[in-house]
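S.K.: To be precise about what I am sending: the file is called final-v6.txt and holds compact mmCIF, C-alpha atoms and all ligand atoms.
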```txt
# COMPACT_ATOMS: atom_id res chain seq x y z
CA MET U 1 80.72 90.29 102.70
CA SER U 2 83.06 89.05 99.97
CA ILE U 3 86.63 90.29 99.59
CA TYR U 4 85.66 92.00 96.34
CA ASN U 5 82.85 93.91 98.04
CA LEU U 6 85.24 95.08 100.73
CA PHE U 7 87.72 96.18 98.08
CA LYS U 8 84.92 97.94 96.18
CA ARG U 9 83.95 99.95 99.28
CA VAL U 10 87.40 101.51 99.23
CA ALA U 11 87.84 101.70 95.45
CA PHE U 12 84.48 103.40 94.93
CA GLN U 13 85.61 106.24 97.23
CA LEU U 14 88.26 107.07 94.63
CA ASP U 15 87.94 108.70 91.23
CA PRO U 16 87.00 105.87 88.80
CA GLU U 17 90.12 106.17 86.66
CA VAL U 18 92.44 106.40 89.67
CA ALA U 19 90.76 103.30 91.13
CA HIS U 20 91.13 101.56 87.78
CA ASN U 21 94.81 102.39 87.36
CA GLN U 22 95.70 101.41 90.91
CA SER U 23 93.80 98.13 90.58
CA MET U 24 95.52 97.33 87.29
CA ALA U 25 98.93 98.08 88.82
CA LEU U 26 98.20 95.60 91.61
CA LEU U 27 96.71 92.97 89.33
CA SER U 28 99.69 93.13 87.02
CA ARG U 29 102.19 92.73 89.89
CA PHE U 30 100.43 90.00 91.85
CA PRO U 31 98.15 88.20 89.40
CA GLU U 32 98.13 84.73 90.93
CA SER U 33 98.03 85.75 94.57
CA LEU U 34 95.24 88.29 94.03
CA ALA U 35 93.17 85.77 92.09
CA THR U 36 93.60 83.42 95.06
CA PHE U 37 92.94 86.15 97.66
CA LEU U 38 89.71 87.11 95.89
CA GLY U 39 88.68 83.44 96.09
CA ALA U 40 88.44 83.30 92.31
CA HIS U 41 91.53 81.41 91.19
CA GLU U 42 90.44 78.52 88.99
CA ARG U 43 92.64 76.23 91.05
CA LEU U 44 90.27 76.79 93.98
CA LEU U 45 87.12 75.86 92.12
CA GLU U 46 85.41 72.54 92.59
CA GLU U 47 85.30 70.22 89.65
CA SER U 48 81.95 70.57 87.95
CA GLN U 49 81.04 66.91 88.07
CA ASP U 50 81.38 65.97 84.42
CA LEU U 51 79.85 69.22 83.17
CA ASP U 52 81.54 70.73 80.14
CA PHE U 53 81.30 74.54 80.08
CA SER U 54 83.54 74.99 77.08
CA TYR U 55 82.49 76.14 73.65
CA THR U 56 84.51 75.82 70.46
CA LEU U 57 83.84 78.74 68.15
CA LYS U 58 83.64 78.39 64.41
CA ASP U 59 87.04 80.15 64.30
CA GLY U 60 88.56 77.15 66.09
CA ASN U 61 89.13 78.97 69.40
CA ASP U 62 88.04 77.05 72.45
CA TRP U 63 86.51 79.22 75.19
CA THR U 64 86.72 77.39 78.52
CA PHE U 65 83.62 79.25 79.75
CA PRO U 66 81.07 81.14 77.65
CA VAL U 67 81.86 84.53 79.24
CA GLY U 68 84.98 86.52 78.39
CA LEU U 69 86.42 89.90 79.34
CA ALA U 70 85.52 92.70 76.89
CA ALA U 71 88.04 95.15 75.47
CA GLY U 72 89.00 98.34 77.26
CA LEU U 73 89.57 97.06 80.78
CA ASP U 74 93.06 95.71 80.15
CA LYS U 75 93.98 98.20 77.43
CA ASN U 76 97.73 97.63 77.75
CA ALA U 77 97.68 93.85 78.20
CA GLU U 78 99.28 94.20 81.63
CA ALA U 79 97.11 91.88 83.69
CA ILE U 80 96.45 88.96 81.34
CA ASP U 81 97.89 86.59 83.92
CA PHE U 82 95.22 87.69 86.40
CA PHE U 83 92.25 87.72 84.03
CA THR U 84 93.11 84.29 82.63
CA SER U 85 93.54 82.74 86.06
CA ILE U 86 89.94 83.54 87.08
CA PRO U 87 87.04 81.80 85.33
CA PHE U 88 86.86 84.03 82.24
CA GLY U 89 86.63 81.82 79.14
CA ALA U 90 88.61 84.32 77.03
CA VAL U 91 90.21 87.74 77.42
CA GLU U 92 90.27 90.62 74.93
CA VAL U 93 92.93 93.29 75.44
CA GLY U 94 93.26 96.75 73.85
CA THR U 95 92.17 98.85 72.12
CA VAL U 96 95.74 99.14 70.88
CA THR U 97 96.76 101.91 68.47
CA PRO U 98 100.03 101.95 66.49
CA LEU U 99 101.48 104.87 68.47
CA PRO U 100 101.04 105.41 72.20
CA GLN U 101 98.41 108.06 72.95
CA GLU U 102 97.13 109.96 75.98
CA GLY U 103 93.44 109.84 75.21
CA ASN U 104 90.97 112.59 76.07
CA PRO U 105 91.33 115.11 78.91
CA LYS U 106 90.42 113.86 82.41
CA PRO U 107 88.01 113.27 84.05
CA ARG U 108 86.75 110.86 81.42
CA MET U 109 85.27 107.89 83.28
CA PHE U 110 82.17 108.22 85.46
CA ARG U 111 80.12 105.81 87.57
CA LEU U 112 76.34 105.81 87.29
CA LYS U 113 75.98 103.72 90.42
CA GLU U 114 72.22 103.49 90.71
CA GLU U 115 72.02 102.15 87.17
CA GLU U 116 75.10 99.90 87.51
CA SER U 117 76.45 101.67 84.44
CA LEU U 118 79.48 103.68 83.34
CA LEU U 119 79.96 106.71 81.12
CA ASN U 120 83.39 106.94 79.49
CA ARG U 121 85.17 109.11 76.98
CA MET U 122 88.64 107.64 77.39
CA GLY U 123 89.60 108.00 73.71
CA PHE U 124 91.87 104.96 73.27
CA ASN U 125 94.49 105.90 75.86
CA ASN U 126 97.10 103.17 75.52
CA GLU U 127 100.85 102.54 75.47
CA GLY U 128 101.01 101.77 71.76
CA MET U 129 101.65 98.59 69.82
CA GLU U 130 105.36 98.07 70.55
CA LYS U 131 104.96 98.07 74.33
CA ILE U 132 101.72 96.11 74.29
CA PHE U 133 103.23 93.49 72.01
CA LYS U 134 105.99 92.94 74.60
CA ASN U 135 103.42 92.62 77.37
CA LEU U 136 101.55 90.01 75.37
CA GLU U 137 104.69 88.06 74.62
CA LYS U 138 105.64 87.73 78.25
CA SER U 139 102.14 86.95 79.55
CA ASP U 140 101.08 83.57 80.87
CA ARG U 141 97.68 82.96 79.36
CA HIS U 142 96.93 79.77 81.26
CA GLY U 143 96.14 78.20 77.89
CA LYS U 144 93.22 80.57 77.31
CA VAL U 145 92.00 82.47 74.27
CA VAL U 146 93.46 86.01 74.20
CA GLY U 147 92.23 88.43 71.55
CA VAL U 148 93.58 91.88 70.68
CA ASN U 149 91.34 94.80 69.80
CA LEU U 150 92.78 97.22 67.21
CA GLY U 151 92.05 100.92 66.66
CA LYS U 152 93.47 103.84 64.73
CA ASN U 153 95.38 106.70 66.32
CA LYS U 154 93.48 109.93 66.79
CA VAL U 155 96.07 111.79 64.66
CA THR U 156 95.59 109.38 61.76
CA ALA U 157 93.33 110.90 59.11
CA ALA U 158 90.36 108.76 58.08
CA GLU U 159 91.88 108.04 54.65
CA ASN U 160 94.99 106.61 56.33
CA ALA U 161 93.07 104.46 58.81
CA PRO U 162 93.54 101.27 56.72
CA GLU U 163 97.31 101.61 57.12
CA ASP U 164 96.97 101.78 60.93
CA TYR U 165 94.91 98.58 60.91
CA ARG U 166 97.42 96.93 58.56
CA LYS U 167 100.36 97.71 60.85
CA LEU U 168 98.46 96.46 63.87
CA PHE U 169 97.32 93.28 62.15
CA GLU U 170 100.87 92.47 61.09
CA LYS U 171 102.20 93.05 64.59
CA PHE U 172 99.60 91.12 66.55
CA ALA U 173 98.49 88.31 64.22
CA PRO U 174 101.36 86.04 65.30
CA VAL U 175 100.63 86.41 69.03
CA SER U 176 96.81 86.55 69.24
CA SER U 177 94.02 84.00 69.31
CA TYR U 178 91.91 86.51 67.38
CA LEU U 179 91.96 90.16 66.32
CA VAL U 180 89.22 92.77 66.25
CA VAL U 181 88.84 95.78 63.98
CA ASN U 182 87.27 98.36 66.23
CA VAL U 183 85.53 101.23 64.44
CA SER U 184 82.71 101.52 66.94
CA SER U 185 84.07 103.52 69.89
CA PRO U 186 82.29 106.86 70.22
CA ASN U 187 85.33 108.65 71.68
CA THR U 188 87.68 109.06 68.70
CA PRO U 189 86.36 111.78 66.40
CA GLY U 190 85.16 110.32 63.09
CA LEU U 191 85.92 106.70 64.04
CA ARG U 192 82.35 105.49 63.83
CA ASP U 193 82.03 106.96 60.33
CA LEU U 194 84.38 104.14 59.30
CA GLN U 195 81.47 101.78 59.89
CA ASN U 196 80.03 102.67 56.49
CA ILE U 197 80.46 99.87 54.01
CA ASN U 198 82.91 101.64 51.71
CA SER U 199 85.26 102.60 54.52
CA LEU U 200 85.08 99.08 55.95
CA LYS U 201 85.95 97.70 52.53
CA THR U 202 89.08 99.85 52.30
CA ILE U 203 90.16 98.63 55.73
CA PHE U 204 89.61 94.96 54.93
CA ASP U 205 91.13 95.35 51.45
CA ALA U 206 94.28 96.68 53.12
CA LEU U 207 94.44 93.49 55.21
CA THR U 208 93.81 91.01 52.40
CA ASP U 209 97.45 90.25 51.52
CA LEU U 210 98.55 89.92 55.11
CA ARG U 211 95.66 87.62 55.88
CA LYS U 212 97.05 85.17 53.34
CA ASN U 213 100.11 84.76 55.59
CA PHE U 214 98.32 84.60 58.93
CA ASN U 215 95.09 82.78 59.53
CA THR U 216 94.40 84.61 62.81
CA PRO U 217 90.59 84.99 63.03
CA LEU U 218 89.48 88.57 62.39
CA TYR U 219 86.34 90.13 63.89
CA LEU U 220 84.56 93.44 63.45
CA LYS U 221 83.10 95.12 66.52
CA ILE U 222 80.03 97.25 65.91
CA SER U 223 78.09 99.97 67.68
CA PRO U 224 74.59 99.61 69.08
CA ASP U 225 73.78 102.97 67.51
CA LEU U 226 73.95 101.69 63.94
CA ALA U 227 70.58 101.56 62.21
CA LEU U 228 69.13 98.04 62.43
CA ASP U 229 68.60 98.32 58.69
CA ASP U 230 72.37 98.55 58.18
CA VAL U 231 72.93 95.13 59.70
CA PRO U 232 72.33 92.98 56.59
CA ALA U 233 75.01 94.85 54.61
CA ILE U 234 77.52 94.43 57.46
CA VAL U 235 76.77 90.73 57.79
CA GLU U 236 77.21 90.39 54.02
CA LEU U 237 80.52 92.24 54.19
CA ALA U 238 81.69 89.92 56.98
CA ALA U 239 80.92 86.96 54.73
CA ASP U 240 82.51 88.53 51.63
CA TYR U 241 85.75 89.22 53.48
CA LYS U 242 85.66 85.86 55.26
CA LEU U 243 85.78 87.51 58.66
CA ALA U 244 85.60 85.19 61.64
CA GLY U 245 82.56 87.10 62.79
CA LEU U 246 81.04 90.12 64.47
CA ILE U 247 81.14 91.46 68.02
CA ALA U 248 78.15 93.49 69.19
CA THR U 249 78.05 95.89 70.85
CA ASN U 250 80.30 98.73 71.88
CA THR U 251 78.98 101.53 74.15
CA THR U 252 76.00 103.69 73.21
CA ILE U 253 75.71 107.46 73.01
CA ARG U 254 73.15 109.01 75.34
CA LYS U 255 73.47 112.77 74.98
CA ASP U 256 71.15 113.27 77.96
CA LEU U 257 73.75 111.55 80.17
CA GLY U 258 76.86 113.39 78.94
CA VAL U 259 79.55 113.13 76.28
CA GLY U 260 80.92 109.61 75.84
CA GLY U 261 79.72 106.03 75.70
CA ILE U 262 77.31 104.35 78.08
CA SER U 263 77.84 100.76 79.19
CA GLY U 264 76.22 98.45 81.71
CA ARG U 265 72.55 98.01 82.57
CA LEU U 266 71.56 101.19 80.70
CA LEU U 267 72.82 99.55 77.50
CA LYS U 268 70.99 96.28 78.02
CA GLU U 269 67.91 96.84 75.84
CA LYS U 270 69.73 98.55 73.00
CA GLY U 271 72.52 95.99 73.03
CA ARG U 272 70.06 93.12 72.97
CA LEU U 273 68.11 94.61 70.07
CA MET U 274 71.28 94.88 68.00
CA ARG U 275 72.43 91.38 68.96
CA ARG U 276 69.06 89.89 68.04
CA ARG U 277 69.12 91.65 64.71
CA VAL U 278 72.62 90.37 63.88
CA LEU U 279 71.75 86.83 64.97
CA GLU U 280 68.56 86.95 62.95
CA VAL U 281 70.41 88.03 59.80
CA MET U 282 73.38 85.69 60.15
CA ASP U 283 72.94 82.53 58.21
CA LYS U 284 73.11 79.59 60.60
CA ALA U 285 75.16 77.68 58.04
CA ALA U 286 77.63 80.54 57.56
CA PRO U 287 81.14 80.16 58.95
CA GLN U 288 80.78 83.49 60.77
CA GLU U 289 80.67 83.52 64.56
CA PHE U 290 79.07 85.99 66.91
CA ILE U 291 80.35 87.37 70.21
CA GLY U 292 77.72 89.19 72.28
CA VAL U 293 78.55 92.12 74.58
CA GLY U 294 76.78 95.18 75.99
CA GLY U 295 74.69 95.47 79.14
CA ILE U 296 74.95 91.83 80.16
CA SER U 297 74.77 92.13 83.95
CA GLU U 298 72.83 89.15 85.29
CA PHE U 299 72.70 85.46 84.60
CA SER U 300 69.21 85.93 83.13
CA ASP U 301 70.70 88.30 80.50
CA LEU U 302 72.97 85.47 79.43
CA VAL U 303 70.07 83.04 79.26
CA ASP U 304 68.19 85.56 77.10
CA PHE U 305 71.23 85.79 74.83
CA TRP U 306 71.37 82.00 74.49
CA ARG U 307 67.63 81.90 73.73
CA ASP U 308 68.26 84.51 71.04
CA GLY U 309 70.74 82.10 69.45
CA GLY U 310 73.99 83.53 70.89
CA LYS U 311 76.71 81.42 72.48
CA VAL U 312 79.70 83.30 73.88
CA ALA U 313 79.51 86.71 75.51
CA GLN U 314 81.77 89.33 77.04
CA ILE U 315 81.37 91.69 79.97
CA TYR U 316 83.06 94.84 81.20
CA THR U 317 80.82 97.03 83.38
CA ALA U 318 79.17 94.22 85.33
CA PHE U 319 82.66 93.04 86.26
CA ILE U 320 83.48 96.46 87.73
CA TYR U 321 80.32 96.42 89.85
CA GLN U 322 80.28 92.74 90.81
CA GLY U 323 83.90 91.59 90.46
CA PRO U 324 85.05 88.00 90.08
CA ASP U 325 82.18 86.91 92.39
CA LEU U 326 79.97 87.33 89.36
CA LEU U 327 81.89 84.67 87.42
CA LEU U 328 81.71 82.26 90.36
CA ASP U 329 77.98 82.87 90.67
CA TRP U 330 77.30 82.45 86.94
CA ARG U 331 79.37 79.28 86.90
CA LYS U 332 77.18 77.82 89.67
CA ARG U 333 73.99 78.94 87.96
CA LEU U 334 75.08 77.46 84.66
CA ALA U 335 75.87 74.17 86.40
CA SER U 336 72.40 74.15 88.03
CA LEU U 337 70.68 74.93 84.75
CA MET U 338 72.53 72.12 82.99
CA LYS U 339 71.81 69.64 85.80
CA GLU U 340 68.12 70.61 85.91
CA ARG U 341 67.87 69.80 82.25
CA GLY U 342 70.07 66.70 82.39
CA ILE U 343 72.53 68.26 79.93
CA GLN U 344 76.27 67.77 80.24
CA SER U 345 77.68 70.10 77.65
CA PHE U 346 77.17 73.83 77.24
CA THR U 347 77.03 73.33 73.47
CA ASP U 348 73.96 71.10 73.88
CA LEU U 349 72.39 73.57 76.30
CA CYS U 350 72.78 76.32 73.70
CA SER U 351 71.06 74.26 71.03
CA GLU U 352 68.18 73.49 73.39
CA LEU U 353 67.73 77.11 74.51
CA ALA U 354 67.97 78.46 70.95
CA GLN U 355 65.29 75.98 69.89
CA GLU U 356 63.04 77.12 72.75
CA GLY U 357 63.70 80.76 71.89
CA LYS U 358 62.69 80.12 68.32
CA SER U 359 59.51 78.27 69.14
CA LYS U 360 58.47 81.06 71.54
CA GLY U 361 59.48 83.71 68.99
CA GLY U 362 62.07 85.05 71.45
CA SER U 363 61.25 86.29 74.93
C1 LIG U 401 85.86 102.56 80.49
C2 LIG U 401 85.59 101.74 79.24
C3 LIG U 401 86.57 101.67 78.25
C4 LIG U 401 86.32 100.93 77.10
N1 LIG U 401 87.31 100.83 76.15
C5 LIG U 401 87.11 100.10 75.04
C6 LIG U 401 88.12 99.95 74.07
O1 LIG U 401 89.23 100.45 74.22
N2 LIG U 401 87.83 99.21 72.96
C7 LIG U 401 86.62 98.61 72.76
O2 LIG U 401 86.41 97.94 71.73
N3 LIG U 401 85.65 98.71 73.68
C8 LIG U 401 85.86 99.43 74.80
N4 LIG U 401 84.87 99.52 75.73
C9 LIG U 401 83.56 98.89 75.46
C10 LIG U 401 83.44 97.51 76.07
O3 LIG U 401 84.35 96.61 75.52
C11 LIG U 401 82.00 96.97 75.84
O4 LIG U 401 81.79 96.81 74.45
C12 LIG U 401 80.94 97.90 76.40
O5 LIG U 401 81.36 98.45 77.64
C13 LIG U 401 79.62 97.17 76.61
O6 LIG U 401 79.75 96.10 77.50
P1 LIG U 401 79.34 96.21 79.08
O7 LIG U 401 77.96 96.77 79.13
O8 LIG U 401 79.45 94.80 79.58
O9 LIG U 401 80.33 97.11 79.71
C14 LIG U 401 85.09 100.26 76.91
C15 LIG U 401 84.11 100.34 77.91
C16 LIG U 401 84.35 101.05 79.07
C17 LIG U 401 83.29 101.10 80.14
```
Write the structure described by the file as structure tokens, please.
Ligand SMILES: Cc1cc2nc3c(=O)[nH]c(=O)nc-3n(C[C@H](O)[C@H](O)[C@H](O)COP(=O)(O)O)c2cc1C
M.R.:
Amino acid sequence: MSIYNLFKRVAFQLDPEVAHNQSMALLSRFPESLATFLGAHERLLEESQDLDFSYTLKDGNDWTFPVGLAAGLDKNAEAIDFFTSIPFGAVEVGTVTPLPQEGNPKPRMFRLKEEESLLNRMGFNNEGMEKIFKNLEKSDRHGKVVGVNLGKNKVTAAENAPEDYRKLFEKFAPVSSYLVVNVSSPNTPGLRDLQNINSLKTIFDALTDLRKNFNTPLYLKISPDLALDDVPAIVELAADYKLAGLIATNTTIRKDLGVGGISGRLLKEKGRLMRRRVLEVMDKAAPQEFIGVGGISEFSDLVDFWRDGGKVAQIYTAFIYQGPDLLLDWRKRLASLMKERGIQSFTDLCSELAQEGKSKGGS
């Protein structure tokens, strides 16, 4: 049994949020030694015999591996040193709001173990932009891509949301590899209403002047519960505002399972449908990039994503259930797949798989 599985036996006896907070406290204090103890420090990994797992996004960021950590796990940017010393290709921290906030009443995070899924209604609990900025400044990123996910405070009225995003952009643009406007979490009342085109325009209009001073790539993260018919207008907006790209998806609402957002295997089908739709609509020649997330739990989910035309992906829930072992396993599987096909670079593998996906009309 791996060290992570032993740890999980204990952690899963605790309330999910208590387990999360205690783990984060440990990971932030002993990042390097815990990465080593878990057998996942990149220093320990064998060279991959001339294989190149990296992928350079259209925004110029170079992911060392095509799987990154999704937002919400390291909300306060306290364990960047840990997450960048294991084989994640990129790490996204946040959601950060301008002011610190408590989030929703507890309990607010639940395990759906059989389904390898989570239900959460955290509500952007975080220490606020000043503290999180300091954490980012002092972090050792091991040369990796670190993005910051931005959200509005609960107390901010919808009409003042653009000002929250403006403040956050100004604060984090100088210290981030990329930024994300998050209007897709289901746990802040009214937040997802900001996904309508007019509200999005007011947010991105408010950022226009600042974006002339900072060329930090800017993404928009969307919900899987948007109508598929709304996708073309969002892709068009991303192009109009010269966004770096889209991230899909956030958690999904399943009223039958409780109040909050569902992530993990239960999100797989819905997430994939939305990702396929976005990839289908995005013009291959466009400068926009796409980051896939939502229900990716097995290596075959990644291969499906690549066949659908995606390149880099993020995970959250699968990491809770499988730990860093998952990254080690996917790294091995990717190496085998590349060797089987006589391909040395992940970029070439993506082109080949996307071509196959197209000729089969997807799988
Ligand atoms: C407990 C929890 C908290 C989350 N918090 C955030 C957040 O603050 N901001 C955000 O953009 N996404 C947040 N997410 C969503 C994840 O980033 C991701 O989009 C979603 O969980 C789907 O991916 P997964 O199935 O791999 O978990 C959160 C997810 C979970 C489970």
S.K.: If we count all atoms listed in the file, what is near stretch 183-189 of chain U at a cut-off of 8 Å, once residues fewer than 6 positions away on the same chain are taken out, given as a ChimeraX atom specification?
M.R.: /U:121-124,151,154,195,220-223,250-253,260-261
S.K.: Write as a PyMOL selection string the residues around ligand LIG 401 (chain U), taking 7 Å as the cut-off and counting all atoms listed in the file.
M.R.: chain U and resi 70-73+75+94-95+109+118-120+122+124+149+182+185+221+249-251+263-265+267+293-297+314-318
S.K.: Export, as an mmCIF file, in the coordinates of the input, the selected residues with C-alpha atoms.
M.R.:
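Result written to out-v6.cif:
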```cif
data_model
loop_
_atom_site.group_PDB
_atom_site.id
_atom_site.type_symbol
_atom_site.label_atom_id
_atom_site.label_comp_id
_atom_site.auth_asym_id
_atom_site.auth_seq_id
_atom_site.Cartn_x
_atom_site.Cartn_y
_atom_site.Cartn_z
ATOM 1 C CA ALA U 70 85.520 92.700 76.890
ATOM 2 C CA ALA U 71 88.040 95.150 75.470
ATOM 3 C CA GLY U 72 89.000 98.340 77.260
ATOM 4 C CA LEU U 73 89.570 97.060 80.780
ATOM 5 C CA LYS U 75 93.980 98.200 77.430
ATOM 6 C CA GLY U 94 93.260 96.750 73.850
ATOM 7 C CA THR U 95 92.170 98.850 72.120
ATOM 8 C CA MET U 109 85.270 107.890 83.280
ATOM 9 C CA LEU U 118 79.480 103.680 83.340
ATOM 10 C CA LEU U 119 79.960 106.710 81.120
ATOM 11 C CA ASN U 120 83.390 106.940 79.490
ATOM 12 C CA MET U 122 88.640 107.640 77.390
ATOM 13 C CA PHE U 124 91.870 104.960 73.270
ATOM 14 C CA ASN U 149 91.340 94.800 69.800
ATOM 15 C CA ASN U 182 87.270 98.360 66.230
ATOM 16 C CA SER U 185 84.070 103.520 69.890
ATOM 17 C CA LYS U 221 83.100 95.120 66.520
ATOM 18 C CA THR U 249 78.050 95.890 70.850
ATOM 19 C CA ASN U 250 80.300 98.730 71.880
ATOM 20 C CA THR U 251 78.980 101.530 74.150
ATOM 21 C CA SER U 263 77.840 100.760 79.190
ATOM 22 C CA GLY U 264 76.220 98.450 81.710
ATOM 23 C CA ARG U 265 72.550 98.010 82.570
ATOM 24 C CA LEU U 267 72.820 99.550 77.500
ATOM 25 C CA VAL U 293 78.550 92.120 74.580
ATOM 26 C CA GLY U 294 76.780 95.180 75.990
ATOM 27 C CA GLY U 295 74.690 95.470 79.140
ATOM 28 C CA ILE U 296 74.950 91.830 80.160
ATOM 29 C CA SER U 297 74.770 92.130 83.950
ATOM 30 C CA GLN U 314 81.770 89.330 77.040
ATOM 31 C CA ILE U 315 81.370 91.690 79.970
ATOM 32 C CA TYR U 316 83.060 94.840 81.200
ATOM 33 C CA THR U 317 80.820 97.030 83.380
ATOM 34 C CA ALA U 318 79.170 94.220 85.330
#
```
S.K.: Show which residues sit within 7 Å of U:Asn153, as a list in words. Count only C-alpha atoms, and ignore same-chain residues fewer than 6 positions away.
M.R.: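 Within the cut-off, the hits are Thr97, Pro98 and Leu99 of chain U.
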S.K.: Go through stretch 329-354 of chain U and flag each residue having an atom no more than 12 Å from stretch 78-93 of chain U; for those, report the closest pair of atoms plus their distance in Å to one decimal, using all atoms listed in the file, ordered by chain and rising number, as a Markdown table.
M.R.:
```
| residue | atom | partner | partner_atom | distance |
| --- | --- | --- | --- | --- |
| U:Asp329 | CA | U:Pro87 | CA | 10.6 |
| U:Trp330 | CA | U:Pro87 | CA | 9.9 |
| U:Arg331 | CA | U:Pro87 | CA | 8.2 |
| U:Lys332 | CA | U:Pro87 | CA | 11.5 |
```
S.K.: Taking into account all atoms listed in the file, which residue in the set U:Arg254, U:Thr216, U:Leu246, U:Asp229 is nearest to U:Leu266?
M.R.: U:Arg254
S.K.: Write out as a Markdown table a residue-level contact list of stretch 8-57 of chain U versus stretch 345-356 of chain U with cut-off 8 Å: for each qualifying residue the closest pair of atoms and the distance in Å to one decimal, counting all atoms listed in the file, rows sorted by chain and residue number upward.
M.R.:
```
| residue | atom | partner | partner_atom | distance |
| --- | --- | --- | --- | --- |
| U:Leu51 | CA | U:Ser345 | CA | 6.0 |
| U:Asp52 | CA | U:Ser345 | CA | 4.6 |
| U:Phe53 | CA | U:Phe346 | CA | 5.1 |
| U:Ser54 | CA | U:Phe346 | CA | 6.5 |
| U:Tyr55 | CA | U:Thr347 | CA | 6.1 |
```
S.K.: With distances taken over only C-alpha atoms, which of U:Met338, U:Ile247, U:Leu200, U:Val312 is nearest to U:Arg275?
M.R.: U:Ile247
S.K.: Quick one: everything within 8 Å of U:Leu38, counting only C-alpha atoms, minus sequence neighbours fewer than 6 positions away in the same chain. Send it as a PyMOL selection string.
M.R.: chain U and resi 3-4+324
S.K.: Which residue out of U:Leu228, U:Val67, U:Ile343, U:Leu168 has the minimum interatomic distance to U:Phe299 when all atoms listed in the file are used?
M.R.: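 Smallest separation from U:Phe299 among the options: U:Val67.
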S.K.: Which residue gives the smallest distance to U:Lys171 among U:Ala158, U:Leu112, U:Val96, U:Ala286, with only C-alpha atoms counted?
M.R.: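 Closest to U:Lys171, using only C-alpha atoms: U:Val96.
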S.K.: Using all atoms listed in the file, which residue out of U:Ile197, U:Ala206, U:Asp15, U:Val259 lies closest to U:Ala238?
M.R.: U:Ile197
S.K.: Kindly give the distance, in Å, that separates atom CA of U:Leu136 and atom CA of U:Ala77, rounded to a single decimal.
M.R.: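 Going from atom CA of U:Leu136 over to atom CA of U:Ala77 covers 6.1 Å.
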S.K.: As a list of chain:residue names, please: the residues near U:Asn196 (cut-off 10 Å, only C-alpha atoms, same-chain neighbours under 5 positions excluded).
M.R.: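 Near neighbours after the sequence-gap exclusion: U:Val183, U:Lys201, U:Leu226, U:Asp230, U:Ala233, U:Ile234.
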S.K.: Go ahead and compute the interatomic distance for atom CA of U:Ala244 and atom CA of U:Tyr178, in Å to one decimal.
M.R.: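 About the pair atom CA of U:Ala244 and atom CA of U:Tyr178: they are 8.6 Å apart.
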S.K.: Atom CA of U:Lys268 and atom CA of U:Gly245, how far apart in Å?
M.R.: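 Value for the atom CA of U:Gly245-atom CA of U:Lys268 distance: 21.2 Å.
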S.K.: Using all atoms listed in the file, find the one residue out of U:Ala335, U:Gly342, U:Arg272, U:Gly68 that sits nearest to U:Glu47.
M.R.: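 Closest candidate: U:Ala335.
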S.K.: Hey, can I get the axis-aligned box for stretch 271-289 of chain U? All listed atoms, 6 Å padding on each side, centre and edge lengths in Å to one decimal, as JSON.
M.R.:
```
{"center_x": 74.6, "center_y": 86.8, "center_z": 65.3, "size_x": 25.0, "size_y": 30.3, "size_z": 27.5}
```
